[in-house]
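File shown here: coords29.txt, holding compact mmCIF, C-alpha atoms.
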```
# COMPACT_ATOMS: atom_id res chain seq x y z
CA ASP A 1 0.00 0.00 0.00
CA ASP A 2 1.11 3.55 -0.78
CA PRO A 3 1.04 5.40 2.59
CA ILE A 4 1.28 8.86 0.98
CA ILE A 5 -1.44 8.88 -1.69
CA GLY A 6 -3.34 5.82 -0.51
CA ARG A 7 -2.92 3.73 -3.63
CA ARG A 8 -2.59 -0.04 -3.81
CA ILE A 9 0.37 -0.92 -6.04
CA LEU A 10 1.32 -4.25 -7.59
CA TRP A 11 5.02 -4.71 -8.34
CA GLY A 12 6.79 -8.04 -8.65
CA TRP A 13 8.67 -10.62 -10.68
CA THR A 14 6.78 -11.97 -13.68
CA ALA A 15 7.44 -15.60 -14.56
CA TYR A 16 7.94 -16.45 -18.21
CA ILE A 17 8.44 -19.49 -20.42
CA GLY A 18 10.95 -21.98 -19.04
CA ALA A 19 12.54 -22.45 -15.66
CA GLY A 20 14.41 -19.46 -14.27
CA GLN A 21 13.12 -17.07 -16.93
CA GLY A 22 11.21 -13.92 -16.08
CA VAL A 23 11.25 -10.15 -15.90
CA LEU A 24 10.66 -7.49 -13.25
CA SER A 25 7.29 -5.94 -14.03
CA LEU A 26 6.53 -2.24 -14.03
CA PRO A 27 4.58 -1.09 -10.96
CA ARG A 28 0.84 -0.81 -11.55
CA GLU A 29 -1.95 0.74 -9.52
CA ILE A 30 -4.83 -1.58 -8.65
CA THR A 31 -8.33 -0.10 -8.68
CA TRP A 32 -11.86 -1.49 -8.77
CA ASP A 33 -14.07 -0.68 -11.76
CA ALA A 34 -17.68 -1.00 -10.61
CA GLU A 35 -19.06 -0.80 -14.15
CA LEU A 36 -16.82 -3.60 -15.44
CA GLY A 37 -17.08 -5.51 -12.18
CA GLN A 38 -13.36 -6.28 -12.10
CA LEU A 39 -9.96 -5.10 -10.94
CA VAL A 40 -8.07 -2.72 -13.24
CA PHE A 41 -4.27 -2.55 -13.36
CA SER A 42 -2.98 0.81 -14.62
CA PRO A 43 0.56 2.21 -15.04
CA LEU A 44 1.58 4.65 -12.33
CA ASN A 45 1.43 8.32 -13.27
CA GLU A 46 5.06 8.68 -12.15
CA GLN A 47 6.18 6.50 -15.06
CA ALA A 48 5.58 9.43 -17.40
CA GLN A 49 8.73 11.00 -15.91
CA LEU A 50 10.78 8.22 -17.53
CA ARG A 51 9.92 9.45 -21.00
CA ALA A 52 12.42 11.56 -22.92
CA LYS A 53 11.76 13.45 -26.13
CA PRO A 54 10.07 11.40 -28.92
CA LEU A 55 12.47 9.75 -31.35
CA VAL A 56 9.98 10.01 -34.20
CA SER A 57 6.37 11.01 -34.76
CA LEU A 58 4.54 10.12 -37.96
CA GLY A 59 1.15 11.01 -39.32
CA ARG A 60 -0.89 8.85 -41.66
CA THR A 61 1.46 6.46 -43.45
CA PRO A 62 0.10 4.05 -46.09
CA LEU A 63 1.50 0.52 -46.03
CA ALA A 64 1.53 -1.67 -49.12
CA ALA A 65 0.92 -5.40 -48.76
CA GLY A 66 4.10 -7.24 -47.82
CA SER A 67 6.01 -4.03 -47.11
CA ALA A 68 7.65 -2.61 -44.00
CA TYR A 69 8.16 1.00 -42.93
CA ARG A 70 11.18 1.86 -40.79
CA LEU A 71 10.67 4.44 -38.08
CA GLY A 72 14.21 5.77 -38.46
CA HIS A 73 17.91 5.24 -37.80
CA TRP A 74 19.46 6.38 -34.54
CA SER A 75 22.84 6.33 -32.87
CA ARG A 76 23.88 3.30 -30.85
CA GLY A 77 21.98 3.05 -27.58
CA GLU A 78 18.98 5.17 -28.57
CA GLY A 79 15.71 3.31 -28.69
CA ARG A 80 16.81 0.48 -26.39
CA GLN A 81 14.15 1.49 -23.91
CA ALA A 82 11.34 2.87 -26.00
CA GLU A 83 7.57 2.92 -26.09
CA VAL A 84 5.93 2.49 -29.49
CA GLU A 85 2.36 3.64 -30.00
CA VAL A 86 0.77 2.68 -33.31
CA VAL A 87 -2.81 2.97 -34.59
CA PHE A 88 -3.85 0.88 -37.60
CA LEU A 89 -6.96 1.43 -39.68
CA LEU A 90 -8.59 -1.96 -40.18
CA PRO A 91 -8.35 -3.15 -43.80
CA GLU A 92 -11.34 -4.35 -45.80
CA HIS A 93 -9.82 -7.81 -46.25
CA ALA A 94 -8.00 -10.35 -44.08
CA ALA A 95 -4.48 -9.26 -43.19
CA SER A 96 -1.67 -9.59 -40.66
CA PHE A 97 0.08 -6.42 -39.51
CA GLY A 98 2.14 -5.22 -36.58
CA VAL A 99 5.39 -3.80 -35.27
CA SER A 100 8.87 -5.36 -35.33
CA VAL A 101 11.39 -4.37 -32.64
CA MET A 102 15.05 -5.23 -31.96
CA ALA A 103 15.51 -6.21 -35.61
CA ASP A 104 18.36 -5.70 -38.04
CA ALA A 105 18.13 -4.99 -41.78
CA ASP A 106 16.46 -8.36 -42.50
CA LEU A 107 13.07 -8.14 -40.78
CA THR A 108 12.14 -11.65 -41.91
CA ARG A 109 14.91 -13.25 -39.84
CA SER A 110 15.45 -10.99 -36.84
CA GLY A 111 13.66 -9.16 -34.05
CA MET A 112 10.38 -9.67 -32.23
CA PHE A 113 7.26 -9.14 -34.32
CA PHE A 114 4.15 -8.04 -32.39
CA TYR A 115 1.23 -8.69 -34.68
CA ALA A 116 -2.51 -8.60 -35.18
CA ASP A 117 -4.04 -11.27 -37.43
CA TYR A 118 -7.31 -9.77 -38.69
CA THR A 119 -10.23 -11.47 -40.45
CA PRO A 120 -13.32 -9.37 -41.26
CA SER A 121 -16.77 -10.87 -40.89
CA THR A 122 -18.47 -12.12 -44.04
CA ALA A 123 -21.77 -12.94 -42.34
CA ARG A 124 -23.45 -9.53 -42.51
CA PRO A 125 -22.52 -5.84 -42.35
CA GLY A 126 -21.56 -4.82 -38.84
CA ALA A 127 -21.05 -8.39 -37.62
CA PRO A 128 -18.09 -8.97 -35.26
CA HIS A 129 -14.74 -9.55 -36.90
CA ARG A 130 -12.01 -11.89 -35.65
CA MET A 131 -8.71 -10.60 -34.31
CA THR A 132 -5.79 -12.63 -32.95
CA VAL A 133 -2.83 -10.81 -31.41
CA GLY A 134 0.55 -12.18 -30.40
CA SER A 135 4.31 -11.99 -30.80
CA VAL A 136 6.83 -13.97 -32.84
CA ASN A 137 10.57 -14.45 -32.41
CA MET A 138 11.54 -14.05 -36.07
CA SER A 139 15.10 -15.33 -35.62
CA ILE A 140 13.62 -18.68 -34.51
CA SER A 141 10.42 -18.99 -36.58
CA SER A 142 12.33 -18.27 -39.81
CA GLN A 143 14.36 -21.47 -39.29
CA TYR A 144 11.28 -23.70 -39.67
CA ALA A 145 10.95 -24.61 -43.36
CA GLN A 146 9.30 -27.17 -45.64
CA TRP A 147 12.53 -29.15 -46.01
CA MET A 148 15.24 -29.15 -43.31
CA PRO A 149 18.14 -31.61 -43.80
CA ASN A 150 20.07 -32.68 -40.70
CA LYS A 151 17.38 -31.18 -38.46
CA LEU A 152 15.15 -32.86 -35.89
CA LEU A 153 11.77 -31.72 -34.52
CA ALA A 154 11.69 -33.39 -31.12
CA CYS A 155 8.63 -31.53 -29.93
CA CYS A 156 5.28 -30.24 -30.87
CA GLY A 157 2.61 -32.89 -30.39
CA GLN A 158 4.25 -36.04 -31.72
CA TYR A 159 1.43 -38.55 -32.20
CA GLY A 160 2.27 -40.98 -34.98
CA ILE A 161 5.43 -43.04 -35.52
CA ARG A 162 5.75 -45.34 -38.52
CA ASN A 163 8.44 -46.94 -40.67
CA GLU A 164 9.14 -45.20 -43.97
CA ASN A 165 11.81 -45.68 -46.62
CA SER A 166 12.83 -42.05 -47.11
CA PRO A 167 12.18 -38.45 -46.06
CA ASP A 168 10.01 -38.02 -49.18
CA SER A 169 7.68 -40.87 -48.20
CA CYS A 170 7.53 -39.49 -44.65
CA LYS A 171 6.50 -36.09 -45.99
CA LEU A 172 3.82 -37.72 -48.19
CA ALA A 173 2.46 -39.61 -45.17
CA CYS A 174 2.16 -36.33 -43.28
CA SER A 175 0.52 -34.56 -46.23
CA ALA A 176 -2.13 -37.28 -46.42
CA ASP A 177 -3.04 -36.83 -42.74
CA ASP A 178 -5.27 -33.83 -41.90
CA SER A 179 -3.95 -33.79 -38.32
CA CYS A 180 -0.29 -33.61 -39.36
CA THR A 181 1.42 -30.21 -39.66
CA ALA A 182 5.08 -31.32 -39.65
CA TRP A 183 7.24 -34.43 -39.82
CA THR A 184 10.66 -35.81 -38.89
CA PHE A 185 12.48 -38.71 -40.57
CA GLN A 186 15.32 -40.48 -38.76
CA PRO A 187 17.20 -43.19 -40.70
CA ILE A 188 17.78 -46.47 -38.95
CA SER A 189 20.78 -47.23 -41.14
CA HIS A 190 23.48 -44.60 -41.72
CA ALA A 191 25.03 -46.32 -44.76
CA PRO A 192 26.91 -43.72 -46.84
CA ASP A 193 25.11 -44.52 -50.11
CA SER A 194 21.59 -44.99 -48.78
CA LEU A 195 19.42 -43.75 -45.94
CA GLY A 196 17.69 -47.10 -45.79
CA PRO A 197 14.44 -47.56 -43.89
CA GLY A 198 13.77 -45.11 -41.12
CA ARG A 199 11.36 -43.87 -38.50
CA CYS A 200 8.80 -41.24 -39.50
CA SER A 201 7.28 -39.10 -36.73
CA LYS A 202 4.20 -36.99 -37.44
CA LEU A 203 3.61 -33.79 -35.46
CA THR A 204 0.41 -31.86 -34.82
CA SER A 205 1.26 -28.60 -33.05
CA VAL A 206 4.33 -27.04 -34.62
CA ARG A 207 2.36 -23.84 -35.17
CA ASN A 208 1.67 -21.44 -32.32
CA THR A 209 3.60 -23.12 -29.53
CA ALA A 210 5.99 -21.76 -26.94
CA HIS A 211 8.57 -24.31 -28.12
CA THR A 212 8.76 -22.94 -31.67
CA MET A 213 8.95 -19.39 -30.34
CA TRP A 214 12.17 -19.95 -28.39
CA THR A 215 13.76 -23.19 -29.67
CA PRO A 216 15.05 -23.71 -33.24
CA PRO A 217 15.06 -27.14 -34.91
CA ALA A 218 17.73 -29.35 -33.32
CA VAL A 219 20.80 -30.38 -35.32
CA SER A 220 20.78 -34.15 -35.92
CA GLU A 221 23.09 -35.71 -38.52
CA GLY A 222 21.14 -37.80 -41.04
CA ALA A 223 17.69 -36.69 -39.93
CA THR A 224 15.36 -34.68 -42.17
CA SER A 225 12.35 -32.65 -41.05
CA GLY A 226 9.80 -30.32 -42.54
CA VAL A 227 6.78 -28.11 -41.85
CA LEU A 228 3.98 -28.47 -44.39
CA ALA A 229 2.96 -24.80 -44.31
CA PRO A 230 5.65 -22.64 -42.67
CA SER A 231 4.45 -19.16 -41.80
CA THR A 232 5.81 -15.84 -40.59
CA LEU A 233 3.59 -16.26 -37.54
CA LEU A 234 4.95 -19.73 -36.73
CA GLY A 235 5.43 -19.89 -32.99
CA GLY A 236 3.30 -16.81 -32.35
CA ARG A 237 1.79 -16.44 -28.89
```

Translate this structure into structure tokens?
Amino acid sequence: DDPIIGRRILWGWTAYIGAGQGVLSLPREITWDAELGQLVFSPLNEQAQLRAKPLVSLGRTPLAAGSAYRLGHWSRGEGRQAEVEVVFLLPEHAASFGVSVMADADLTRSGMFFYADYTPSTARPGAPHRMTVGSVNMSISSQYAQWMPNKLLACCGQYGIRNENSPDSCKLACSADDSCTAWTFQPISHAPDSLGPGRCSKLTSVRNTAHTMWTPPAVSEGATSGVLAPSTLLGGR
């Protein structure tokens, strides 16, 4: 409790994915909203004193499909602790859009992408639309591809193990199964001129899992893996 102003403040360590991982949260004031019938957690007014001058301020900026707009280039150290406020006008068609932070020149393979996946309603005018929001570690999700030699997917809802003669036949077995989203082939024989028969593992939940957000495919000599439909939002939470 705040003995000076009489506020109730929540401030603590926030647990995150994996053992020993977390972050110290920003202090928030706890109030009761009678209309909503629930507790409300709001940033403290004092946090406004942490803000320096804005690095950039833009007006309306059109974005073409598949394009990215950089906010600017600053000297080393600037922008490491920054607050980004963005307002998007909803498009008339389904689209994914968002903000990428801590990225280098290649936005498809670096940084954290905070996104909104938007699908407008087709039922009737004014009907609710669907919106999914999340974040993606692009340096990890970009490593998941349709064909990954010497890589093993030892995760993600493994449910079917069968013998197959090659990575190609393992991929075909996954493609023929509506529940399968990815596959891993591990040869039983490591003969230099032939993979020989091997074990084919089918996976169901490679998309949108904490594992794919923080863990790349494992290196495994002789194994071959693949994701049937890799996506920018693979591993999004």

**Message:** Just the number, please: distance in Å from atom CA of A:Gly126 to atom CA of A:Ala95, one decimal.
**Reply:**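 For atom CA of A:Gly126 relative to atom CA of A:Ala95, the distance reads 18.2 Å.
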
**Message:** What does the structure give for the distance between atom CA of A:His93 and atom CA of A:Tyr118, in Å to one decimal?
**Reply:**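 Between these atoms lies a distance of 8.2 Å.
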
**Prompt:** atom CA of A:Glu221 and atom CA of A:Ser139 are how many Å apart?
**Reply:**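 Pair atom CA of A:Glu221 / atom CA of A:Ser139 returns 22.1 Å.
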
**Prompt:** Contacts of A:Ser42 at 12 Å or less, counting only C-alpha atoms, minus same-chain residues fewer than 6 places along, as a ChimeraX atom specification?
**Reply:** /A:7-11,26-33

**Prompt:** Of the candidates A:Ser201, A:Ser57, A:Gln186, A:Asn165, which one gets nearest to A:Glu85 if we count all atoms listed in the file?
**Reply:** A:Ser57

**Request:** Could you tell me which of A:Ile161, A:Leu36, A:Ala154, A:Leu90 comes closest to A:Ala218 if we count only C-alpha atoms?
**Result:**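 Among the listed residues, A:Ala154 lies closest to A:Ala218.
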
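Closest approach to A:Val101 among A:Thr122, A:Ser25, A:Ser220, A:Asn137: A:Asn137, based on all atoms listed in the file.
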
**Request:** Would you list the residues near (11.2, 6.5, -37.3), meaning any protein, DNA or RNA residue with an atom at most 8 Å from that point in file coordinates, counting all atoms listed in the file, as a PyMOL selection string?
**Result:** chain A and resi 55-58+70-73

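Neighbours of stretch 222-235 of chain A closer than or equal to 6 Å, with all atoms listed in the file counted and sequence neighbours fewer than 6 positions away skipped, come out as Ser141, Ala145, Gln146, Trp147, Met148, Pro149, Asn150, Lys151, Leu152, Thr181, Ala182, Trp183, Thr184, Phe185, Gln186, Arg207, Asn208, Thr209, Thr212 and Met213 of chain A.
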
**Fill in**
Across A:Asn163, A:Ile188, A:Cys180, A:Met112, the smallest distance to A:Ser205, with all atoms listed in the file counted, is shown by A:Cys180

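Distance cut-off 12 Å, centre (-8.9, -3.7, -45.7), atoms counted all atoms listed in the file; the residues meeting this are Pro62, Leu63, Ala64, Ala65, Phe88, Leu89, Leu90, Pro91, Glu92, His93, Ala94, Ala95, Ser96, Phe97, Tyr118, Thr119, Pro120 and Ser121 of chain A.
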
**Request:** Just the residues within 10 Å of A:Leu50, please, counting only C-alpha atoms, with nothing from its chain fewer than 3 positions along; format it as a VMD selection string.
**Result:** chain A and resid 46 to 47 81

**Message:** Which residue is closest to A:Ser67? Choose from A:Arg109, A:Gly12, A:Pro217, A:Gly98 and count all atoms listed in the file.
**Reply:** A:Gly98
